[in-house]
file final.pdb (PDB, C-alpha atoms, pLDDT in the B column)
ATOM      1  CA  MET A   1       7.278 -10.712 -23.409  1.00 68.00           C
ATOM      2  CA  ASN A   2      10.311  -8.977 -21.920  1.00 81.00           C
ATOM      3  CA  ASN A   3      12.831 -10.505 -19.542  1.00 82.00           C
ATOM      4  CA  SER A   4      11.509  -8.826 -16.390  1.00 84.00           C
ATOM      5  CA  LYS A   5       8.089 -10.417 -16.941  1.00 84.00           C
ATOM      6  CA  LYS A   6       9.719 -13.802 -17.532  1.00 85.00           C
ATOM      7  CA  ILE A   7      11.784 -13.470 -14.343  1.00 88.00           C
ATOM      8  CA  ALA A   8       8.624 -12.537 -12.436  1.00 87.00           C
ATOM      9  CA  ILE A   9       6.790 -15.579 -13.799  1.00 86.00           C
ATOM     10  CA  VAL A  10       9.732 -17.866 -12.928  1.00 88.00           C
ATOM     11  CA  SER A  11       9.852 -16.486  -9.376  1.00 89.00           C
ATOM     12  CA  LEU A  12       6.078 -16.825  -8.922  1.00 88.00           C
ATOM     13  CA  THR A  13       5.977 -20.410 -10.168  1.00 89.00           C
ATOM     14  CA  SER A  14       9.040 -21.283  -8.072  1.00 89.00           C
ATOM     15  CA  THR A  15       7.357 -19.814  -5.004  1.00 89.00           C
ATOM     16  CA  PHE A  16       4.138 -21.676  -5.738  1.00 89.00           C
ATOM     17  CA  SER A  17       6.126 -24.887  -6.199  1.00 88.00           C
ATOM     18  CA  ILE A  18       7.837 -24.417  -2.816  1.00 85.00           C
ATOM     19  CA  ILE A  19       4.462 -23.762  -1.162  1.00 86.00           C
ATOM     20  CA  LEU A  20       3.028 -26.923  -2.742  1.00 84.00           C
ATOM     21  CA  ALA A  21       6.030 -28.902  -1.509  1.00 80.00           C
ATOM     22  CA  SER A  22       5.517 -27.722   2.037  1.00 78.00           C
ATOM     23  CA  ILE A  23       1.735 -28.154   2.298  1.00 76.00           C
ATOM     24  CA  ALA A  24       1.558 -31.484   0.470  1.00 61.00           C
ATOM     25  CA  ASN A  25       3.681 -33.205   3.087  1.00 61.00           C
ATOM     26  CA  PHE A  26       1.536 -36.269   3.689  1.00 63.00           C
ATOM     27  CA  GLN A  27       2.171 -39.960   3.252  1.00 63.00           C
ATOM     28  CA  ILE A  28       0.074 -42.750   1.812  1.00 62.00           C
ATOM     29  CA  PRO A  29      -0.687 -45.592   4.251  1.00 66.00           C
ATOM     30  CA  PHE A  30       1.277 -48.779   3.524  1.00 61.00           C
ATOM     31  CA  PHE A  31       3.725 -46.741   1.412  1.00 60.00           C
ATOM     32  CA  ILE A  32       5.561 -44.856   4.139  1.00 60.00           C
ATOM     33  CA  PHE A  33       8.643 -44.466   1.948  1.00 57.00           C
ATOM     34  CA  PHE A  34       6.683 -42.556  -0.700  1.00 61.00           C
ATOM     35  CA  LYS A  35       5.594 -38.945  -0.398  1.00 66.00           C
ATOM     36  CA  PRO A  36       3.396 -37.482  -3.137  1.00 68.00           C
ATOM     37  CA  ASP A  37       5.045 -34.442  -4.625  1.00 77.00           C
ATOM     38  CA  PHE A  38       2.896 -32.013  -6.569  1.00 83.00           C
ATOM     39  CA  SER A  39       5.535 -29.304  -6.566  1.00 84.00           C
ATOM     40  CA  ASP A  40       6.587 -30.206 -10.111  1.00 87.00           C
ATOM     41  CA  ILE A  41       3.242 -29.106 -11.551  1.00 89.00           C
ATOM     42  CA  PRO A  42       3.977 -25.326 -11.540  1.00 90.00           C
ATOM     43  CA  ILE A  43       7.405 -26.016 -13.021  1.00 90.00           C
ATOM     44  CA  PHE A  44       5.932 -28.144 -15.806  1.00 90.00           C
ATOM     45  CA  VAL A  45       3.266 -25.502 -16.532  1.00 89.00           C
ATOM     46  CA  LEU A  46       6.039 -22.890 -16.675  1.00 88.00           C
ATOM     47  CA  THR A  47       7.856 -25.085 -19.198  1.00 89.00           C
ATOM     48  CA  PHE A  48       4.724 -25.224 -21.352  1.00 87.00           C
ATOM     49  CA  MET A  49       4.454 -21.416 -21.090  1.00 87.00           C
ATOM     50  CA  LEU A  50       8.026 -20.214 -21.562  1.00 87.00           C
ATOM     51  CA  GLY A  51      10.111 -23.205 -22.609  1.00 86.00           C
ATOM     52  CA  GLY A  52      12.676 -25.555 -21.164  1.00 88.00           C
ATOM     53  CA  LYS A  53      15.291 -22.978 -20.169  1.00 89.00           C
ATOM     54  CA  TYR A  54      12.942 -21.322 -17.697  1.00 90.00           C
ATOM     55  CA  GLY A  55      11.638 -24.673 -16.454  1.00 89.00           C
ATOM     56  CA  ILE A  56      15.197 -25.793 -15.648  1.00 90.00           C
ATOM     57  CA  ILE A  57      15.946 -22.483 -13.883  1.00 90.00           C
ATOM     58  CA  SER A  58      12.811 -22.818 -11.774  1.00 90.00           C
ATOM     59  CA  LEU A  59      13.516 -26.486 -10.973  1.00 88.00           C
ATOM     60  CA  PHE A  60      17.058 -25.658  -9.905  1.00 88.00           C
ATOM     61  CA  VAL A  61      15.915 -22.724  -7.701  1.00 89.00           C
ATOM     62  CA  VAL A  62      13.196 -24.838  -6.073  1.00 87.00           C
ATOM     63  CA  SER A  63      15.623 -27.714  -5.495  1.00 85.00           C
ATOM     64  CA  ILE A  64      18.190 -25.401  -3.868  1.00 85.00           C
ATOM     65  CA  VAL A  65      15.550 -23.812  -1.618  1.00 85.00           C
ATOM     66  CA  ARG A  66      14.174 -27.220  -0.630  1.00 82.00           C
ATOM     67  CA  MET A  67      17.696 -28.399   0.162  1.00 81.00           C
ATOM     68  CA  LEU A  68      18.378 -25.310   2.299  1.00 82.00           C
ATOM     69  CA  THR A  69      15.083 -25.656   4.174  1.00 80.00           C
ATOM     70  CA  GLY A  70      15.728 -29.290   5.012  1.00 72.00           C
ATOM     71  CA  ASP A  71      13.235 -30.932   2.672  1.00 67.00           C
ATOM     72  CA  ALA A  72      15.904 -32.479   0.445  1.00 63.00           C
ATOM     73  CA  VAL A  73      18.954 -32.560   2.676  1.00 62.00           C
ATOM     74  CA  LEU A  74      21.088 -35.303   1.217  1.00 68.00           C
ATOM     75  CA  PRO A  75      22.797 -34.901  -2.152  1.00 72.00           C
ATOM     76  CA  ALA A  76      20.903 -37.973  -3.360  1.00 69.00           C
ATOM     77  CA  THR A  77      17.512 -36.382  -2.599  1.00 71.00           C
ATOM     78  CA  PHE A  78      18.669 -33.225  -4.373  1.00 76.00           C
ATOM     79  CA  MET A  79      19.547 -35.351  -7.401  1.00 79.00           C
ATOM     80  CA  LEU A  80      16.125 -37.021  -7.276  1.00 78.00           C
ATOM     81  CA  ARG A  81      14.572 -33.553  -7.498  1.00 78.00           C
ATOM     82  CA  ILE A  82      16.797 -32.596 -10.412  1.00 80.00           C
ATOM     83  CA  SER A  83      15.794 -35.783 -12.261  1.00 83.00           C
ATOM     84  CA  SER A  84      12.558 -33.985 -13.151  1.00 84.00           C
ATOM     85  CA  SER A  85      14.648 -32.072 -15.682  1.00 86.00           C
ATOM     86  CA  ILE A  86      14.170 -35.091 -17.977  1.00 87.00           C
ATOM     87  CA  VAL A  87      10.433 -34.389 -18.034  1.00 87.00           C
ATOM     88  CA  ILE A  88      11.142 -30.697 -18.682  1.00 87.00           C
ATOM     89  CA  PHE A  89      13.309 -31.667 -21.651  1.00 88.00           C
ATOM     90  CA  PHE A  90      10.497 -33.751 -23.179  1.00 89.00           C
ATOM     91  CA  ILE A  91       7.866 -31.055 -22.526  1.00 87.00           C
ATOM     92  CA  ASN A  92      10.140 -28.548 -24.241  1.00 84.00           C
ATOM     93  CA  TYR A  93      10.582 -30.943 -27.170  1.00 87.00           C
ATOM     94  CA  TYR A  94       6.794 -31.327 -27.410  1.00 86.00           C
ATOM     95  CA  LYS A  95       6.327 -27.572 -27.280  1.00 81.00           C
ATOM     96  CA  LYS A  96       8.796 -26.991 -30.126  1.00 81.00           C
ATOM     97  CA  TYR A  97       7.870 -29.814 -32.485  1.00 81.00           C
ATOM     98  CA  GLN A  98       4.274 -30.752 -31.497  1.00 79.00           C
ATOM     99  CA  LYS A  99       5.008 -34.486 -31.577  1.00 78.00           C
ATOM    100  CA  ASN A 100       2.816 -37.147 -29.942  1.00 84.00           C
ATOM    101  CA  PHE A 101       2.443 -35.981 -26.327  1.00 85.00           C
ATOM    102  CA  CYS A 102       1.516 -39.376 -24.838  1.00 87.00           C
ATOM    103  CA  PHE A 103       4.514 -41.077 -26.434  1.00 87.00           C
ATOM    104  CA  LEU A 104       6.873 -38.336 -25.197  1.00 86.00           C
ATOM    105  CA  ALA A 105       5.391 -38.509 -21.694  1.00 88.00           C
ATOM    106  CA  ILE A 106       5.938 -42.273 -21.562  1.00 88.00           C
ATOM    107  CA  ILE A 107       9.538 -41.890 -22.757  1.00 88.00           C
ATOM    108  CA  ALA A 108      10.096 -39.131 -20.166  1.00 88.00           C
ATOM    109  CA  ILE A 109       8.781 -41.340 -17.363  1.00 89.00           C
ATOM    110  CA  ILE A 110      10.932 -44.298 -18.451  1.00 89.00           C
ATOM    111  CA  CYS A 111      14.054 -42.099 -18.651  1.00 89.00           C
ATOM    112  CA  ASN A 112      13.245 -40.606 -15.252  1.00 88.00           C
ATOM    113  CA  ILE A 113      12.994 -44.061 -13.674  1.00 88.00           C
ATOM    114  CA  ILE A 114      16.280 -45.130 -15.290  1.00 89.00           C
ATOM    115  CA  ILE A 115      17.980 -42.094 -13.738  1.00 87.00           C
ATOM    116  CA  ARG A 116      16.230 -42.513 -10.373  1.00 85.00           C
ATOM    117  CA  ALA A 117      17.017 -46.229  -9.999  1.00 85.00           C
ATOM    118  CA  PRO A 118      20.658 -45.991  -8.864  1.00 87.00           C
ATOM    119  CA  ILE A 119      19.956 -42.864  -6.810  1.00 85.00           C
ATOM    120  CA  SER A 120      17.065 -44.532  -4.958  1.00 84.00           C
ATOM    121  CA  TYR A 121      19.119 -47.657  -4.394  1.00 86.00           C
ATOM    122  CA  TYR A 122      21.984 -45.626  -2.949  1.00 84.00           C
ATOM    123  CA  LEU A 123      19.657 -43.527  -0.810  1.00 82.00           C
ATOM    124  CA  TRP A 124      17.726 -46.399   0.756  1.00 82.00           C
ATOM    125  CA  VAL A 125      20.432 -49.070   1.027  1.00 86.00           C
ATOM    126  CA  PHE A 126      23.475 -47.009   1.955  1.00 85.00           C
ATOM    127  CA  ASN A 127      22.039 -43.907   3.650  1.00 80.00           C
ATOM    128  CA  TYR A 128      19.034 -45.405   5.439  1.00 81.00           C
ATOM    129  CA  ASN A 129      20.605 -48.858   5.928  1.00 86.00           C
ATOM    130  CA  ILE A 130      17.672 -50.784   4.486  1.00 86.00           C
ATOM    131  CA  PRO A 131      18.837 -54.352   3.704  1.00 90.00           C
ATOM    132  CA  ARG A 132      19.364 -54.844  -0.008  1.00 89.00           C
ATOM    133  CA  GLU A 133      16.986 -57.827  -0.174  1.00 90.00           C
ATOM    134  CA  ILE A 134      14.140 -55.876   1.415  1.00 87.00           C
ATOM    135  CA  PHE A 135      14.704 -52.941  -0.919  1.00 87.00           C
ATOM    136  CA  VAL A 136      14.848 -55.041  -4.090  1.00 86.00           C
ATOM    137  CA  ASN A 137      12.023 -57.459  -3.239  1.00 87.00           C
ATOM    138  CA  GLN A 138       9.570 -55.262  -1.365  1.00 82.00           C
ATOM    139  CA  MET A 139      10.266 -51.571  -1.813  1.00 82.00           C
ATOM    140  CA  TRP A 140      11.552 -51.263  -5.367  1.00 84.00           C
ATOM    141  CA  PRO A 141       8.391 -52.480  -7.177  1.00 85.00           C
ATOM    142  CA  SER A 142       6.290 -50.026  -5.158  1.00 82.00           C
ATOM    143  CA  ILE A 143       8.736 -47.189  -5.760  1.00 82.00           C
ATOM    144  CA  ILE A 144       8.562 -47.782  -9.515  1.00 86.00           C
ATOM    145  CA  LEU A 145       4.763 -47.969  -9.535  1.00 86.00           C
ATOM    146  CA  LEU A 146       4.286 -44.900  -7.377  1.00 83.00           C
ATOM    147  CA  THR A 147       6.875 -42.898  -9.337  1.00 84.00           C
ATOM    148  CA  VAL A 148       5.076 -43.721 -12.566  1.00 88.00           C
ATOM    149  CA  LEU A 149       1.748 -42.685 -11.010  1.00 86.00           C
ATOM    150  CA  ARG A 150       3.170 -39.469  -9.555  1.00 85.00           C
ATOM    151  CA  LEU A 151       4.893 -38.396 -12.753  1.00 88.00           C
ATOM    152  CA  SER A 152       1.886 -39.361 -14.888  1.00 90.00           C
ATOM    153  CA  CYS A 153      -0.462 -37.331 -12.712  1.00 88.00           C
ATOM    154  CA  ASN A 154       1.900 -34.340 -12.575  1.00 88.00           C
ATOM    155  CA  ILE A 155       2.430 -34.326 -16.346  1.00 89.00           C
ATOM    156  CA  LEU A 156      -1.279 -34.777 -17.084  1.00 90.00           C
ATOM    157  CA  ILE A 157      -2.378 -32.088 -14.618  1.00 90.00           C
ATOM    158  CA  SER A 158       0.247 -29.694 -15.989  1.00 90.00           C
ATOM    159  CA  LYS A 159      -0.869 -30.341 -19.567  1.00 89.00           C
ATOM    160  CA  LEU A 160      -4.535 -29.818 -18.651  1.00 91.00           C
ATOM    161  CA  ILE A 161      -3.815 -26.611 -16.722  1.00 90.00           C
ATOM    162  CA  PHE A 162      -1.887 -25.213 -19.654  1.00 87.00           C
ATOM    163  CA  LYS A 163      -4.444 -26.420 -22.194  1.00 86.00           C
ATOM    164  CA  TYR A 164      -7.420 -24.822 -20.448  1.00 86.00           C
ATOM    165  CA  PHE A 165      -5.780 -21.827 -18.782  1.00 85.00           C
ATOM    166  CA  GLY A 166      -2.678 -21.303 -20.919  1.00 76.00           C
ATOM    167  CA  GLU A 167      -3.853 -18.180 -22.695  1.00 68.00           C
ATOM    168  CA  LYS A 168      -4.888 -16.618 -19.392  1.00 74.00           C
ATOM    169  CA  LEU A 169      -1.604 -17.564 -17.720  1.00 68.00           C
ATOM    170  CA  VAL A 170       0.650 -16.042 -20.381  1.00 65.00           C
ATOM    171  CA  ILE A 171       1.352 -12.383 -19.650  1.00 58.00           C
ATOM    172  CA  ARG A 172       1.907 -10.317 -22.752  1.00 57.00           C
TER     173      ARG A 172
END
call {"tool": "encode", "arguments": {"input": "final.pdb", "output": "structure tokens"}}
result
Amino acid sequence: MNNSKKIAIVSLTSTFSIILASIANFQIPFFIFFKPDFSDIPIFVLTFMLGGKYGIISLFVVSIVRMLTGDAVLPATFMLRISSSIVIFFINYYKKYQKNFCFLAIIAIICNIIIRAPISYYLWVFNYNIPREIFVNQMWPSIILLTVLRLSCNILISKLIFKYFGEKLVIR
């Protein structure tokens, strides 16, 4: 596959990711601080298709566009978006070496939470002025649980899309 086809695929998946981010703008009752984000799915599928380099490029483009359109305004929210690069790294590792996918997905989720923890704390406590006690005792356990669920679903859906439609998605 030549570079122009790869650039076209990166731009299409980035566009689809931005569209998913804008239409999936709903909140779960009782978890008003959590917004499901399915915009990582096209980026993860792209990583399965073309590798980590193109997944990172697409993630960075989508994050910049979302920041410019007001979806991820603060630097901390931009960094939360970029934390998905950890998952891209592990998908790329899986693609190259065909190691145990479930184990790598669990490690990717744990690493993502470790990176997100200080960013989330900073965002909620210092930017939104949520008292530290409320954040730690009430919000943080839900944020961890919902982040694990969101990343698990996004990784699983991406893997299934590539598994069942991968040959049809790859342009030769």
call {"tool": "resolve_selection", "arguments": {"input": "final.pdb", "expression": "the PyMOL selection byres ((chain A and resi 51) around 12)", "output": "list in words"}}
result
Lys6, Val10, Ile43, Phe44, Val45, Leu46, Thr47, Phe48, Met49, Leu50, Gly52, Lys53, Tyr54, Gly55, Ile56, Ile57, Ser58, Ile88, Phe89, Phe90, Ile91, Asn92, Tyr93, Tyr94, Lys95 and Lys96 of chain A
call {"tool": "atom_distance", "arguments": {"input": "final.pdb", "atom1": "CA of Trp140 (chain A)", "atom2": "CA of Trp124 (chain A)"}}
result
10.0 Å
call {"tool": "atom_distance", "arguments": {"input": "final.pdb", "atom1": "CA of Lys5 (chain A)", "atom2": "CA of Ile157 (chain A)"}}
result
24.2 Å
call {"tool": "atom_distance", "arguments": {"input": "final.pdb", "atom1": "CA of Met67 (chain A)", "atom2": "CA of Ser142 (chain A)"}}
result
25.0 Å
call {"tool": "residues_around", "arguments": {"input": "final.pdb", "residues": "Val148 (chain A)", "least_positions_apart": "5", "cutoff": "10 Å", "atoms": "all atoms listed in the file", "output": "list in words"}}
result
Ile106, Ile109, Ile110, Asn112, Ile113, Ser142, Ile143, Cys153 and Asn154 of chain A
call {"tool": "closest_residue", "arguments": {"input": "final.pdb", "among": "A:Ile115, A:Lys163, A:Ser17, A:Ile155", "to": "Cys102 (chain A)", "atoms": "all atoms listed in the file"}}
result
A:Ile155
call {"tool": "closest_residue", "arguments": {"input": "final.pdb", "among": "A:Ile23, A:Phe165, A:Phe135, A:Ser39", "to": "Ala117 (chain A)", "atoms": "all atoms listed in the file"}}
result
A:Phe135
call {"tool": "closest_residue", "arguments": {"input": "final.pdb", "among": "A:Gly166, A:Phe38, A:Ser11, A:Phe126", "to": "Leu149 (chain A)", "atoms": "all atoms listed in the file"}}
result
A:Phe38
call {"tool": "axis_aligned_box", "arguments": {"input": "final.pdb", "around": "region 9-14 of chain A", "padding_each_side": "5 Å", "output": "AutoDock Vina command-line options"}}
result
--center_x 7.9 --center_y -18.4 --center_z -10.9 --size_x 13.9 --size_y 15.7 --size_z 15.7
call {"tool": "closest_residue", "arguments": {"input": "final.pdb", "among": "A:Arg150, A:Lys159, A:Lys99, A:Lys168", "to": "Pro42 (chain A)", "atoms": "only C-alpha atoms"}}
result
A:Lys159
call {"tool": "resolve_selection", "arguments": {"input": "final.pdb", "expression": "the PyMOL selection byres ((chain A and resi 136) around 12)", "output": "tab-separated table (two decimals) with C-alpha atoms, in the coordinates of the input"}}
result
chain	number	residue	atom	x	y	z
A	117	ALA	CA	17.02	-46.23	-10.00
A	118	PRO	CA	20.66	-45.99	-8.86
A	120	SER	CA	17.07	-44.53	-4.96
A	121	TYR	CA	19.12	-47.66	-4.39
A	122	TYR	CA	21.98	-45.63	-2.95
A	124	TRP	CA	17.73	-46.40	0.76
A	125	VAL	CA	20.43	-49.07	1.03
A	130	ILE	CA	17.67	-50.78	4.49
A	131	PRO	CA	18.84	-54.35	3.70
A	132	ARG	CA	19.36	-54.84	-0.01
A	133	GLU	CA	16.99	-57.83	-0.17
A	134	ILE	CA	14.14	-55.88	1.42
A	135	PHE	CA	14.70	-52.94	-0.92
A	137	ASN	CA	12.02	-57.46	-3.24
A	138	GLN	CA	9.57	-55.26	-1.36
A	139	MET	CA	10.27	-51.57	-1.81
A	140	TRP	CA	11.55	-51.26	-5.37
A	141	PRO	CA	8.39	-52.48	-7.18
A	142	SER	CA	6.29	-50.03	-5.16
A	143	ILE	CA	8.74	-47.19	-5.76
A	144	ILE	CA	8.56	-47.78	-9.52
call {"tool": "residues_around", "arguments": {"input": "final.pdb", "residues": "Leu123 (chain A)", "least_positions_apart": "4", "cutoff": "8 Å", "atoms": "all atoms listed in the file", "output": "VMD selection string"}}
result
chain A and resid 76 to 77 119 127 to 128
call {"tool": "closest_residue", "arguments": {"input": "final.pdb", "among": "A:Ile114, A:Ala8, A:Leu146, A:Leu59", "to": "Ile41 (chain A)", "atoms": "all atoms listed in the file"}}
result
A:Leu59
call {"tool": "closest_residue", "arguments": {"input": "final.pdb", "among": "A:Leu151, A:Leu80, A:Leu68, A:Leu20", "to": "Ala108 (chain A)", "atoms": "all atoms listed in the file"}}
result
A:Leu151
